[in-house]
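S.K.: What follows is start-v4.csv, made up of CSV, C-alpha atoms:
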chain,number,residue,atom,x,y,z
A,434,MET,CA,-39.9,-40.4,16.6
A,435,GLN,CA,-37.2,-40.4,14.0
A,436,THR,CA,-37.6,-43.1,11.3
A,437,ALA,CA,-34.1,-44.4,12.2
A,438,GLU,CA,-35.5,-45.4,15.6
A,439,ILE,CA,-38.6,-47.1,14.2
A,440,SER,CA,-38.7,-50.9,14.1
A,441,ASP,CA,-38.8,-52.7,10.7
A,442,ALA,CA,-42.2,-54.1,11.7
A,443,LEU,CA,-43.7,-50.6,12.2
A,444,LEU,CA,-42.1,-49.3,9.0
A,445,VAL,CA,-43.7,-52.2,7.1
A,446,GLN,CA,-47.1,-51.3,8.7
A,447,ARG,CA,-46.7,-47.7,7.5
A,448,VAL,CA,-45.6,-48.8,4.0
A,449,ARG,CA,-48.8,-50.8,3.8
A,450,LYS,CA,-50.7,-47.6,4.4
A,451,GLY,CA,-48.8,-45.9,1.6
A,452,SER,CA,-46.2,-44.0,3.6
A,453,GLU,CA,-43.4,-42.8,1.3
A,454,GLU,CA,-41.2,-41.8,4.2
A,455,ALA,CA,-41.5,-45.3,5.7
A,456,TRP,CA,-40.7,-46.9,2.3
A,457,THR,CA,-37.6,-44.8,1.9
A,458,ALA,CA,-36.4,-45.6,5.5
A,459,LEU,CA,-37.0,-49.3,4.9
A,460,TYR,CA,-35.1,-49.2,1.7
A,461,GLN,CA,-32.2,-47.2,3.1
A,462,ARG,CA,-31.9,-49.6,6.0
A,463,HIS,CA,-31.6,-52.7,3.9
A,464,ARG,CA,-30.5,-51.7,0.4
A,465,VAL,CA,-26.8,-52.4,1.1
A,466,ALA,CA,-27.4,-55.8,2.7
A,467,VAL,CA,-29.5,-57.0,-0.2
A,468,PHE,CA,-27.0,-55.6,-2.8
A,469,ARG,CA,-24.0,-57.2,-1.1
A,470,PHE,CA,-25.9,-60.5,-0.8
A,471,ALA,CA,-26.7,-60.4,-4.5
A,472,LEU,CA,-23.1,-59.3,-5.4
A,473,HIS,CA,-21.5,-62.1,-3.4
A,474,MET,CA,-23.8,-64.7,-4.8
A,475,SER,CA,-23.5,-63.6,-8.4
A,476,GLY,CA,-20.1,-61.9,-8.6
A,477,SER,CA,-21.7,-59.3,-10.8
A,478,ARG,CA,-22.6,-55.7,-10.0
A,479,GLU,CA,-25.0,-55.6,-12.9
A,480,ILE,CA,-26.9,-58.6,-11.6
A,481,ALA,CA,-26.7,-57.3,-8.0
A,482,ASP,CA,-28.3,-53.9,-9.1
A,483,GLU,CA,-31.0,-55.7,-11.0
A,484,ALA,CA,-31.7,-58.0,-8.1
A,485,VAL,CA,-32.0,-55.1,-5.6
A,486,GLN,CA,-34.5,-53.3,-7.8
A,487,ASP,CA,-36.5,-56.4,-8.5
A,488,THR,CA,-36.4,-57.5,-4.8
A,489,PHE,CA,-37.8,-54.3,-3.4
A,490,ILE,CA,-40.5,-53.9,-6.0
A,491,THR,CA,-41.5,-57.6,-5.4
A,492,PHE,CA,-41.5,-56.8,-1.7
A,493,LEU,CA,-44.0,-54.0,-2.3
A,494,ASP,CA,-46.2,-56.4,-4.4
A,495,ARG,CA,-46.0,-59.1,-1.8
A,496,LEU,CA,-46.5,-57.0,1.3
A,497,ALA,CA,-49.7,-58.8,2.1
A,498,GLU,CA,-47.7,-62.1,2.3
A,499,PHE,CA,-45.2,-60.8,4.8
A,500,GLN,CA,-45.9,-61.6,8.4
A,501,GLU,CA,-43.9,-59.8,11.0
A,502,ASP,CA,-44.1,-62.6,13.5
A,503,ARG,CA,-42.6,-65.2,11.2
A,504,GLY,CA,-39.2,-63.5,10.6
A,505,ALA,CA,-37.3,-60.3,10.1
A,506,PRO,CA,-38.0,-58.2,6.9
A,507,ILE,CA,-34.3,-58.6,6.0
A,508,ALA,CA,-34.7,-62.4,5.8
A,509,PHE,CA,-37.8,-62.0,3.7
A,510,LEU,CA,-36.0,-59.5,1.4
A,511,ILE,CA,-32.9,-61.7,1.1
A,512,GLY,CA,-35.2,-64.7,0.4
A,513,ILE,CA,-36.7,-62.7,-2.5
A,514,ALA,CA,-33.2,-61.6,-3.7
A,515,ARG,CA,-32.0,-65.2,-3.6
A,516,PHE,CA,-34.7,-66.3,-5.9
A,517,LYS,CA,-34.0,-63.3,-8.2
A,518,VAL,CA,-30.3,-64.0,-8.4
A,519,LEU,CA,-30.6,-67.7,-8.9
A,520,ARG,CA,-33.2,-67.1,-11.6
A,521,ILE,CA,-31.0,-64.6,-13.4
A,522,LEU,CA,-27.9,-66.9,-13.2
A,523,ARG,CA,-30.0,-69.8,-14.6
A,524,GLN,CA,-31.4,-67.7,-17.3
A,525,ARG,CA,-27.9,-66.8,-18.4
A,526,LYS,CA,-27.0,-70.4,-18.1
A,527,GLN,CA,-24.0,-69.7,-15.9
A,528,THR,CA,-23.4,-70.5,-12.3
A,529,ILE,CA,-21.3,-67.3,-11.7
A,530,PRO,CA,-19.6,-64.9,-14.0
A,531,LEU,CA,-16.1,-65.7,-13.1
A,532,ASN,CA,-14.8,-63.5,-15.9
A,533,GLU,CA,-15.8,-60.5,-13.7
A,534,VAL,CA,-13.5,-61.7,-11.0
A,535,PRO,CA,-10.2,-61.9,-12.8
A,536,GLU,CA,-7.5,-64.3,-11.8
A,537,ARG,CA,-4.6,-62.5,-10.2
A,538,PRO,CA,-1.2,-63.8,-9.3
A,539,PHE,CA,-1.3,-64.5,-5.6
A,540,GLU,CA,1.5,-65.0,-3.1
A,541,GLY,CA,1.4,-65.6,0.6
A,542,ASP,CA,-1.5,-66.0,3.0
A,543,ALA,CA,-4.6,-64.4,1.6
A,544,LEU,CA,-6.5,-64.6,4.8
A,545,THR,CA,-4.2,-62.4,6.8
A,546,ASP,CA,-3.6,-59.9,4.1
A,547,LEU,CA,-7.0,-58.6,2.8
A,548,THR,CA,-5.6,-55.1,2.4
A,549,ARG,CA,-4.0,-56.3,-0.9
A,550,GLU,CA,-6.3,-56.2,-3.9
A,551,GLU,CA,-5.0,-59.6,-5.0
A,552,SER,CA,-6.2,-61.1,-1.8
A,553,ARG,CA,-9.7,-59.8,-2.3
A,554,TYR,CA,-9.8,-61.1,-5.8
A,555,ALA,CA,-8.5,-64.5,-4.5
A,556,LEU,CA,-11.3,-64.6,-1.8
A,557,GLN,CA,-13.9,-63.5,-4.3
A,558,ARG,CA,-12.9,-66.3,-6.6
A,559,ALA,CA,-12.8,-68.8,-3.8
A,560,ILE,CA,-16.4,-67.8,-2.9
A,561,ALA,CA,-17.5,-67.9,-6.5
A,562,ALA,CA,-16.0,-71.4,-6.9
A,563,LEU,CA,-18.1,-72.8,-4.0
A,564,PRO,CA,-21.1,-74.9,-4.9
A,565,GLU,CA,-24.3,-72.8,-4.8
A,566,SER,CA,-25.7,-74.1,-1.6
A,567,TYR,CA,-22.4,-73.7,0.2
A,568,ARG,CA,-21.9,-70.2,-1.2
A,569,GLU,CA,-25.3,-69.3,0.1
A,570,ALA,CA,-24.4,-70.5,3.6
A,571,VAL,CA,-21.3,-68.4,3.7
A,572,VAL,CA,-22.9,-65.3,2.3
A,573,LEU,CA,-25.9,-65.4,4.6
A,574,CYS,CA,-24.2,-66.4,7.8
A,575,ASP,CA,-20.7,-65.0,7.6
A,576,LEU,CA,-21.1,-62.1,5.2
A,577,ARG,CA,-24.7,-61.0,6.0
A,578,GLU,CA,-24.5,-62.3,9.6
A,579,LEU,CA,-28.0,-63.7,9.6
A,580,SER,CA,-28.9,-66.1,12.4
A,581,TYR,CA,-28.9,-69.8,11.5
A,582,GLU,CA,-32.7,-69.7,11.9
A,583,ASP,CA,-33.2,-66.8,9.4
A,584,ALA,CA,-30.6,-68.4,7.0
A,585,ALA,CA,-32.6,-71.7,7.2
A,586,LYS,CA,-35.8,-69.8,6.2
A,587,VAL,CA,-34.0,-68.1,3.3
A,588,MET,CA,-32.4,-71.4,2.1
A,589,GLU,CA,-35.6,-73.4,2.8
A,590,CYS,CA,-33.7,-76.1,4.7
A,591,PRO,CA,-33.3,-77.2,8.3
A,592,VAL,CA,-31.0,-75.3,10.6
A,593,GLY,CA,-28.8,-78.3,10.9
A,594,THR,CA,-28.3,-78.3,7.2
A,595,VAL,CA,-27.2,-74.6,7.3
A,596,ARG,CA,-24.7,-75.4,10.0
A,597,SER,CA,-23.2,-78.4,8.1
A,598,ARG,CA,-23.1,-76.5,4.8
A,599,LEU,CA,-21.5,-73.5,6.5
A,600,HIS,CA,-18.9,-75.7,8.1
A,601,ARG,CA,-18.0,-77.4,4.9
A,602,ALA,CA,-17.9,-74.1,3.0
A,603,ARG,CA,-15.5,-72.6,5.5
A,604,GLN,CA,-13.3,-75.6,5.2
A,605,MET,CA,-13.3,-75.3,1.4
A,606,LEU,CA,-12.5,-71.6,1.6
A,607,ILE,CA,-9.7,-72.1,4.1
A,608,GLU,CA,-8.2,-74.9,2.0
A,609,ARG,CA,-8.2,-72.7,-1.0
A,610,MET,CA,-6.9,-69.6,0.7
A,611,THR,CA,-4.2,-71.1,3.0
A,612,ALA,CA,-1.6,-73.8,2.9
A,613,LYS,CA,-2.6,-75.1,6.4
A,614,GLY,CA,-6.3,-75.8,6.1
A,615,LYS,CA,-6.7,-76.2,9.9
A,616,GLY,CA,-9.1,-74.1,12.0
A,617,CYS,CA,-9.9,-73.8,15.6
A,618,LEU,CA,-13.7,-73.8,15.1
A,619,ALA,CA,-13.9,-77.4,13.9
B,667,MET,CA,-9.0,-68.2,23.7
B,668,SER,CA,-12.5,-68.8,22.4
B,669,CYS,CA,-12.9,-67.8,18.8
B,670,GLU,CA,-16.3,-66.3,19.6
B,671,LYS,CA,-14.6,-63.6,21.8
B,672,VAL,CA,-12.0,-62.6,19.2
B,673,ARG,CA,-13.9,-59.6,17.9
B,674,GLU,CA,-13.8,-58.1,21.4
B,675,LEU,CA,-10.0,-58.2,21.5
B,676,PRO,CA,-7.8,-55.1,20.9
B,677,PRO,CA,-6.6,-55.0,17.2
B,678,GLU,CA,-3.1,-56.3,17.9
B,679,GLU,CA,-4.2,-59.3,20.0
B,680,ARG,CA,-6.9,-60.0,17.4
B,681,ALA,CA,-4.4,-59.9,14.6
B,682,ALA,CA,-2.1,-62.3,16.5
B,683,HIS,CA,-5.0,-64.7,17.1
B,684,GLU,CA,-6.1,-64.6,13.4
B,685,ALA,CA,-2.5,-65.3,12.3
B,686,SER,CA,-2.7,-68.6,14.0
B,687,CYS,CA,-6.4,-69.4,13.5
B,688,PRO,CA,-7.6,-69.9,9.9
B,689,ASP,CA,-11.3,-69.8,10.9
B,690,CYS,CA,-11.0,-66.4,12.5
B,691,ALA,CA,-8.7,-65.2,9.7
B,692,LEU,CA,-11.4,-66.3,7.3
B,693,GLY,CA,-14.1,-64.5,9.2
B,694,ALA,CA,-12.0,-61.3,9.3
B,695,ALA,CA,-11.2,-61.6,5.6
B,696,LEU,CA,-14.9,-62.0,4.7
B,697,ARG,CA,-15.9,-59.0,6.7
B,698,GLN,CA,-13.2,-56.9,5.0
B,699,LEU,CA,-14.4,-58.2,1.6
B,700,ASP,CA,-18.0,-57.3,2.5
B,701,GLU,CA,-17.1,-53.8,3.6
B,702,SER,CA,-15.4,-53.2,0.3
B,703,ALA,CA,-18.3,-54.5,-1.8
B,704,GLY,CA,-20.0,-51.1,-2.3
B,705,GLU,CA,-23.7,-50.4,-2.7
B,706,PRO,CA,-26.5,-50.2,-5.3
B,707,SER,CA,-26.3,-47.6,-8.0
B,708,ALA,CA,-28.2,-44.3,-8.0
B,709,ARG,CA,-30.5,-45.4,-10.8
B,710,VAL,CA,-31.6,-48.4,-8.7
B,711,ASP,CA,-32.3,-46.0,-5.7
B,712,ALA,CA,-34.4,-43.8,-8.0
B,713,ALA,CA,-36.3,-46.7,-9.5
B,714,VAL,CA,-37.1,-48.2,-6.0
B,715,ALA,CA,-38.1,-44.8,-4.7
B,716,ASN,CA,-40.6,-44.4,-7.5
B,717,ALA,CA,-42.0,-47.9,-7.0
B,718,LEU,CA,-44.3,-46.9,-4.1
B,719,LEU,CA,-45.7,-43.9,-6.0
B,720,SER,CA,-46.6,-46.1,-9.0
B,721,ARG,CA,-48.4,-48.6,-6.7
B,722,ARG,CA,-50.4,-46.1,-4.6
B,723,PRO,CA,-54.1,-46.4,-5.0
B,724,ARG,CA,-55.3,-43.7,-7.3
B,725,ARG,CA,-57.0,-40.8,-5.5
B,726,ALA,CA,-60.6,-40.4,-6.4
B,727,PRO,CA,-60.7,-37.4,-8.6
B,728,SER,CA,-62.9,-34.5,-7.6
B,729,TRP,CA,-65.4,-35.2,-10.5
B,730,TRP,CA,-66.0,-38.6,-9.1
B,731,ILE,CA,-66.8,-37.2,-5.6
B,732,GLY,CA,-69.1,-34.7,-7.3
B,733,GLY,CA,-70.7,-37.4,-9.4
B,734,ALA,CA,-71.2,-39.6,-6.4
B,735,ALA,CA,-72.8,-36.7,-4.4
B,736,ALA,CA,-75.1,-36.0,-7.4
B,737,ALA,CA,-76.0,-39.7,-7.7
B,738,ALA,CA,-76.8,-39.7,-3.9
B,739,VAL,CA,-79.0,-36.6,-4.3
B,740,VAL,CA,-80.8,-38.2,-7.2
B,741,ALA,CA,-81.2,-41.5,-5.4
B,742,VAL,CA,-82.7,-39.6,-2.4
B,743,ALA,CA,-85.0,-37.7,-4.8
B,744,ALA,CA,-86.0,-40.9,-6.5
B,745,TRP,CA,-86.8,-42.5,-3.1
B,746,ASN,CA,-88.9,-39.6,-2.1
B,747,GLY,CA,-90.5,-39.7,-5.5
B,748,ALA,CA,-91.3,-43.3,-5.1
B,749,LEU,CA,-93.0,-42.6,-1.7
B,750,ARG,CA,-95.0,-39.9,-3.4
B,751,LYS,CA,-96.0,-42.4,-6.2
B,752,ASP,CA,-94.4,-40.1,-8.7
B,753,PRO,CA,-92.7,-41.7,-11.8
B,754,PRO,CA,-89.2,-42.9,-10.7
B,755,GLN,CA,-86.3,-40.9,-11.9
B,756,THR,CA,-84.0,-43.1,-13.8
B,757,ALA,CA,-81.7,-40.9,-15.7
B,758,VAL,CA,-78.5,-40.4,-13.7
B,759,ASP,CA,-75.5,-38.8,-15.3
B,760,ARG,CA,-72.6,-41.0,-14.5
B,761,PRO,CA,-69.1,-39.9,-15.2
B,762,ALA,CA,-67.7,-41.7,-18.2
B,763,PRO,CA,-64.7,-43.9,-17.5
B,764,GLU,CA,-61.3,-42.5,-18.0
B,765,SER,CA,-59.6,-43.1,-21.3
B,766,TYR,CA,-56.0,-42.9,-22.4
B,767,GLY,CA,-54.0,-41.4,-25.3
B,768,GLU,CA,-51.0,-43.0,-26.8
B,769,PHE,CA,-47.7,-43.0,-24.9
B,770,TYR,CA,-45.1,-40.5,-26.3
B,771,ALA,CA,-41.4,-41.1,-25.8
B,772,ILE,CA,-39.5,-38.5,-24.0
B,773,GLY,CA,-35.9,-38.0,-25.0
B,774,PRO,CA,-33.6,-40.4,-26.9
B,775,GLY,CA,-33.2,-44.1,-26.4
B,776,PRO,CA,-35.7,-47.0,-26.0
B,777,VAL,CA,-38.6,-46.4,-23.7
B,778,LEU,CA,-38.5,-49.9,-22.2
B,779,GLU,CA,-36.1,-52.8,-22.3
B,780,GLN,CA,-37.6,-55.9,-23.9
B,781,GLY,CA,-39.2,-58.2,-21.5
B,782,ARG,CA,-39.2,-55.8,-18.6
B,783,PHE,CA,-42.0,-54.0,-16.7
B,784,ALA,CA,-41.7,-50.4,-15.8
B,785,PRO,CA,-43.6,-48.4,-13.1
B,786,VAL,CA,-46.2,-45.9,-14.3
B,787,VAL,CA,-46.8,-42.8,-12.2
B,788,ARG,CA,-50.1,-40.9,-12.4
B,789,MET,CA,-49.5,-37.1,-11.9
B,790,ARG,CA,-51.0,-33.8,-12.8
B,791,LEU,CA,-49.0,-31.4,-15.0
B,792,PRO,CA,-49.6,-27.8,-16.0
B,793,ARG,CA,-51.1,-27.6,-19.5
B,794,ARG,CA,-48.2,-25.5,-20.7
B,795,GLU,CA,-45.7,-28.4,-19.7
B,796,VAL,CA,-47.9,-31.0,-21.4
B,797,ALA,CA,-47.9,-28.9,-24.6
B,798,ARG,CA,-44.2,-28.5,-24.4
B,799,LEU,CA,-43.8,-32.3,-24.4
B,800,GLY,CA,-45.7,-32.3,-27.7
B,801,LEU,CA,-48.9,-34.0,-26.4
B,802,PRO,CA,-52.1,-33.1,-28.2
B,803,ILE,CA,-54.2,-31.0,-25.8
B,804,GLN,CA,-57.3,-28.9,-26.4
B,805,TRP,CA,-56.4,-25.2,-25.8
B,806,GLU,CA,-59.9,-24.0,-25.9
B,807,THR,CA,-60.8,-25.6,-22.6
B,808,GLN,CA,-60.5,-23.8,-19.3
B,809,ILE,CA,-58.4,-26.6,-17.7
B,810,THR,CA,-55.1,-25.4,-16.4
B,811,SER,CA,-53.6,-28.7,-15.6
B,812,VAL,CA,-53.8,-32.2,-17.0
B,813,GLU,CA,-53.6,-35.7,-15.7
B,814,VAL,CA,-50.9,-37.8,-17.3
B,815,ASP,CA,-49.3,-41.2,-16.8
B,816,VAL,CA,-45.5,-41.2,-16.9
B,817,VAL,CA,-43.4,-44.3,-17.6
B,818,VAL,CA,-40.4,-44.3,-15.3
B,819,GLY,CA,-37.3,-46.0,-16.6
B,820,ARG,CA,-34.8,-48.1,-14.6
B,821,ASP,CA,-32.6,-45.0,-14.2
B,822,GLY,CA,-35.5,-43.2,-12.5
B,823,THR,CA,-36.1,-40.7,-15.3
B,824,ALA,CA,-39.3,-40.3,-17.2
B,825,LYS,CA,-39.3,-42.3,-20.5
B,826,ALA,CA,-42.7,-41.7,-21.9
B,827,VAL,CA,-45.9,-39.9,-21.1
B,828,ARG,CA,-49.6,-40.2,-22.1
B,829,LEU,CA,-52.7,-38.1,-21.5
B,830,VAL,CA,-55.4,-39.4,-19.3
B,831,ARG,CA,-58.8,-38.1,-20.4
B,832,LEU,CA,-61.2,-38.1,-17.6
B,833,GLY,CA,-64.9,-38.5,-18.2
B,834,ASN,CA,-65.7,-34.8,-18.1
B,835,GLN,CA,-62.9,-33.7,-20.5
Using structure tokens, write down the structure that the file contains.
M.R.:
Amino acid sequence: MQTAEISDALLVQRVRKGSEEAWTALYQRHRVAVFRFALHMSGSREIADEAVQDTFITFLDRLAEFQEDRGAPIAFLIGIARFKVLRILRQRKQTIPLNEVPERPFEGDALTDLTREESRYALQRAIAALPESYREAVVLCDLRELSYEDAAKVMECPVGTVRSRLHRARQMLIERMTAKGKGCLA
Amino acid sequence: MSCEKVRELPPEERAAHEASCPDCALGAALRQLDESAGEPSARVDAAVANALLSRRPRRAPSWWIGGAAAAAVVAVAAWNGALRKDPPQTAVDRPAPESYGEFYAIGPGPVLEQGRFAPVVRMRLPRREVARLGLPIQWETQITSVEVDVVVGRDGTAKAVRLVRLGNQ
């Protein structure tokens, strides 16, 4: 069986036995998701790189704690990455390095024109400006597309709290990115 | 139109819906942003790839297996001796524990960043390569390869190396 067809749970079992091939496959499968989570949360590629490295090495050290029946490995990995990113940001006494997301002049509706670089910057800045708990909800549910249940495990809060934070975060982003501020999901 | 079905629509219809629905426009914008976010650097890939190697349980060296076999033989002999009322055999040559030399930096730049840990990989190198790195080895022995510990930097390259002296060396 090709490693691409093997479930995460089976890969984890093989990693526990010291399989280098399984470790590589598991890393390749989730490296981008962990990196992008860390990048969207921190706004910094440097922090995202550091978080990815620390997350996977911590995952190896904590393999004994991971229980396949209590959630997907990606939720466990992102839970570790979340802790790493928040710790790094707090160590640096900053909520997010906004200077890495430069302000650009913006015209028009950013939500319908993401092909323009200015629009991406505007959206990055809008995400960066969200309160930490709201930013987490958007990054986990809308960007990483985790289920509400997995996001709740990562955020260590009830599912209902995830829903309400996500709803509020979306409203704040829409208000910032458009003039209308009305949505059809409300 | 339910917003949950929007992603199944043809691109033109989806764009038309997103133009009038800020929530769906936001979802599409976030997905585009995510797709343009890139991926971890090559040095992170290398460091993570090395992480498993540095955490593998060390293989029992052949001298340890030999020593264990010898100890078992002596233990059996001692047991037989005890049955024969002979004086018990107590002197068993146990292998001495391994010891380490100092780490030698390889190449320019700091070996480690302050406050960070780095993986250490145990490997066996030909004696010629060890000498080329400038490590002090004994040329008069018959050993053709030497156990070393290698510090792996965050960029995945070797930063420092030290000799591991096994009990029989």
S.K.: Calculated over all atoms listed in the file, which of the candidates A:His463, A:Glu565, A:Ser597, A:Thr491 has the smallest distance to Arg523 of chain A?
M.R.: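 Checking each candidate against Arg523 of chain A, we get A:Glu565 as the closest.
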S.K.: Could you please select, counting only C-alpha atoms, the residues of chain B within 10 Å of chain A and state them as a ChimeraX atom specification?
M.R.: /B:667-670,681-682,684-719,721-723,785,820
S.K.: Each side padded by 5 Å, which centre and which edge lengths in Å (one decimal) define the axis-aligned box around the listed atoms of segment 496-506 of chain A? Give them as AutoDock Vina command-line options.
M.R.:
--center_x -43.5 --center_y -61.1 --center_z 7.4 --size_x 22.4 --size_y 18.2 --size_z 22.2
S.K.: To one decimal place, how far is atom CA of Met789 of chain B from atom CA of Thr810 of chain B in Å?
M.R.: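 Value for the atom CA of Met789 of chain B-atom CA of Thr810 of chain B distance: 13.7 Å.
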S.K.: Applying 8 Å and all atoms listed in the file, which residues near Val830 of chain B remain after dropping the ones on its own chain fewer than 2 positions away? List them as a PyMOL selection string.
M.R.: chain B and resi 764-767+812-815+828+832
S.K.: Mind giving me the straight-line distance from atom CA of Ile480 of chain A to atom CA of Ile513 of chain A in Å, one decimal?
M.R.: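 Answer for the atom CA of Ile480 of chain A to atom CA of Ile513 of chain A separation: 14.0 Å.
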S.K.: Using atom CA of Val592 of chain A and atom CA of Ala514 of chain A as the two end points, give the distance in Å to one decimal.
M.R.: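 That distance, rounded to one decimal, is 19.9 Å.
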S.K.: Do a neighbour search on Ala505 of chain A at 8 Å with all atoms listed in the file, toss out local chain neighbours closer than 3 positions, and write the hits as a list in words.
M.R.: Asp441, Glu501, Asp502, Ala508, Phe509 and Asp583 of chain A
S.K.: Measuring atom to atom with only C-alpha atoms, identify which of A:Gln524, A:Arg601, A:Pro564, A:Gly512 is nearest to Glu589 of chain A.
M.R.: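 Among A:Gln524, A:Arg601, A:Pro564, A:Gly512, it is A:Gly512 that comes nearest to Glu589 of chain A.
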S.K.: Which neighbours of Glu582 of chain A fall inside 12 Å, counting only C-alpha atoms, when residues of the same chain fewer than 6 positions from it are skipped, and could you give them as a list in words?
M.R.: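 Residues near the query, excluding close chain neighbours: Arg503, Gly504, Ala505, Ala508, Ala570, Leu573, Cys574, Met588, Glu589, Cys590, Pro591, Val592, Gly593, Thr594, Val595 and Arg596 of chain A.
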S.K.: Would you fill out segment 825-831 of chain B with all heavy atoms and return it as a short mmCIF file (atom, residue, chain, number, x, y, z; two decimals), keeping the file's coordinate frame?
M.R.:
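Below is the file that was written, part-v2.cif:
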data_model
loop_
_atom_site.label_atom_id
_atom_site.label_comp_id
_atom_site.auth_asym_id
_atom_site.auth_seq_id
_atom_site.Cartn_x
_atom_site.Cartn_y
_atom_site.Cartn_z
N LYS B 825 -39.60 -41.72 -19.13
CA LYS B 825 -39.30 -42.30 -20.50
C LYS B 825 -40.40 -42.00 -21.47
O LYS B 825 -40.15 -41.93 -22.67
CB LYS B 825 -39.04 -43.77 -20.37
CG LYS B 825 -37.83 -44.15 -19.54
CD LYS B 825 -36.56 -43.63 -20.18
CE LYS B 825 -35.34 -44.02 -19.38
NZ LYS B 825 -34.13 -43.35 -19.87
N ALA B 826 -41.62 -41.95 -20.97
CA ALA B 826 -42.70 -41.70 -21.90
C ALA B 826 -43.91 -41.17 -21.09
O ALA B 826 -43.97 -41.32 -19.86
CB ALA B 826 -43.15 -43.05 -22.55
N VAL B 827 -44.81 -40.52 -21.80
CA VAL B 827 -45.90 -39.90 -21.10
C VAL B 827 -47.19 -40.03 -22.00
O VAL B 827 -47.09 -40.08 -23.23
CB VAL B 827 -45.62 -38.41 -20.82
CG1 VAL B 827 -45.37 -37.61 -22.09
CG2 VAL B 827 -46.72 -37.75 -20.00
N ARG B 828 -48.34 -40.15 -21.35
CA ARG B 828 -49.60 -40.20 -22.10
C ARG B 828 -50.64 -39.38 -21.35
O ARG B 828 -50.59 -39.25 -20.12
CB ARG B 828 -50.08 -41.62 -22.31
CG ARG B 828 -50.65 -42.26 -21.06
CD ARG B 828 -51.16 -43.66 -21.33
NE ARG B 828 -51.65 -44.28 -20.09
CZ ARG B 828 -52.01 -45.55 -20.00
NH1 ARG B 828 -51.94 -46.34 -21.07
NH2 ARG B 828 -52.44 -46.06 -18.86
N LEU B 829 -51.57 -38.85 -22.10
CA LEU B 829 -52.70 -38.10 -21.50
C LEU B 829 -53.70 -39.05 -20.93
O LEU B 829 -53.94 -40.12 -21.48
CB LEU B 829 -53.35 -37.24 -22.57
CG LEU B 829 -52.61 -35.98 -23.03
CD1 LEU B 829 -53.35 -35.39 -24.22
CD2 LEU B 829 -52.54 -34.97 -21.90
N VAL B 830 -54.27 -38.64 -19.80
CA VAL B 830 -55.40 -39.40 -19.30
C VAL B 830 -56.62 -38.49 -19.41
O VAL B 830 -56.64 -37.38 -18.88
CB VAL B 830 -55.18 -39.71 -17.77
CG1 VAL B 830 -56.38 -40.45 -17.21
CG2 VAL B 830 -53.91 -40.55 -17.60
N ARG B 831 -57.57 -38.95 -20.16
CA ARG B 831 -58.80 -38.10 -20.40
C ARG B 831 -59.85 -38.62 -19.42
O ARG B 831 -60.28 -39.77 -19.50
CB ARG B 831 -59.25 -38.27 -21.83
CG ARG B 831 -58.26 -37.68 -22.82
CD ARG B 831 -58.83 -37.66 -24.23
NE ARG B 831 -57.86 -37.10 -25.16
CZ ARG B 831 -56.90 -37.81 -25.76
NH1 ARG B 831 -56.81 -39.10 -25.54
NH2 ARG B 831 -56.05 -37.22 -26.59
#
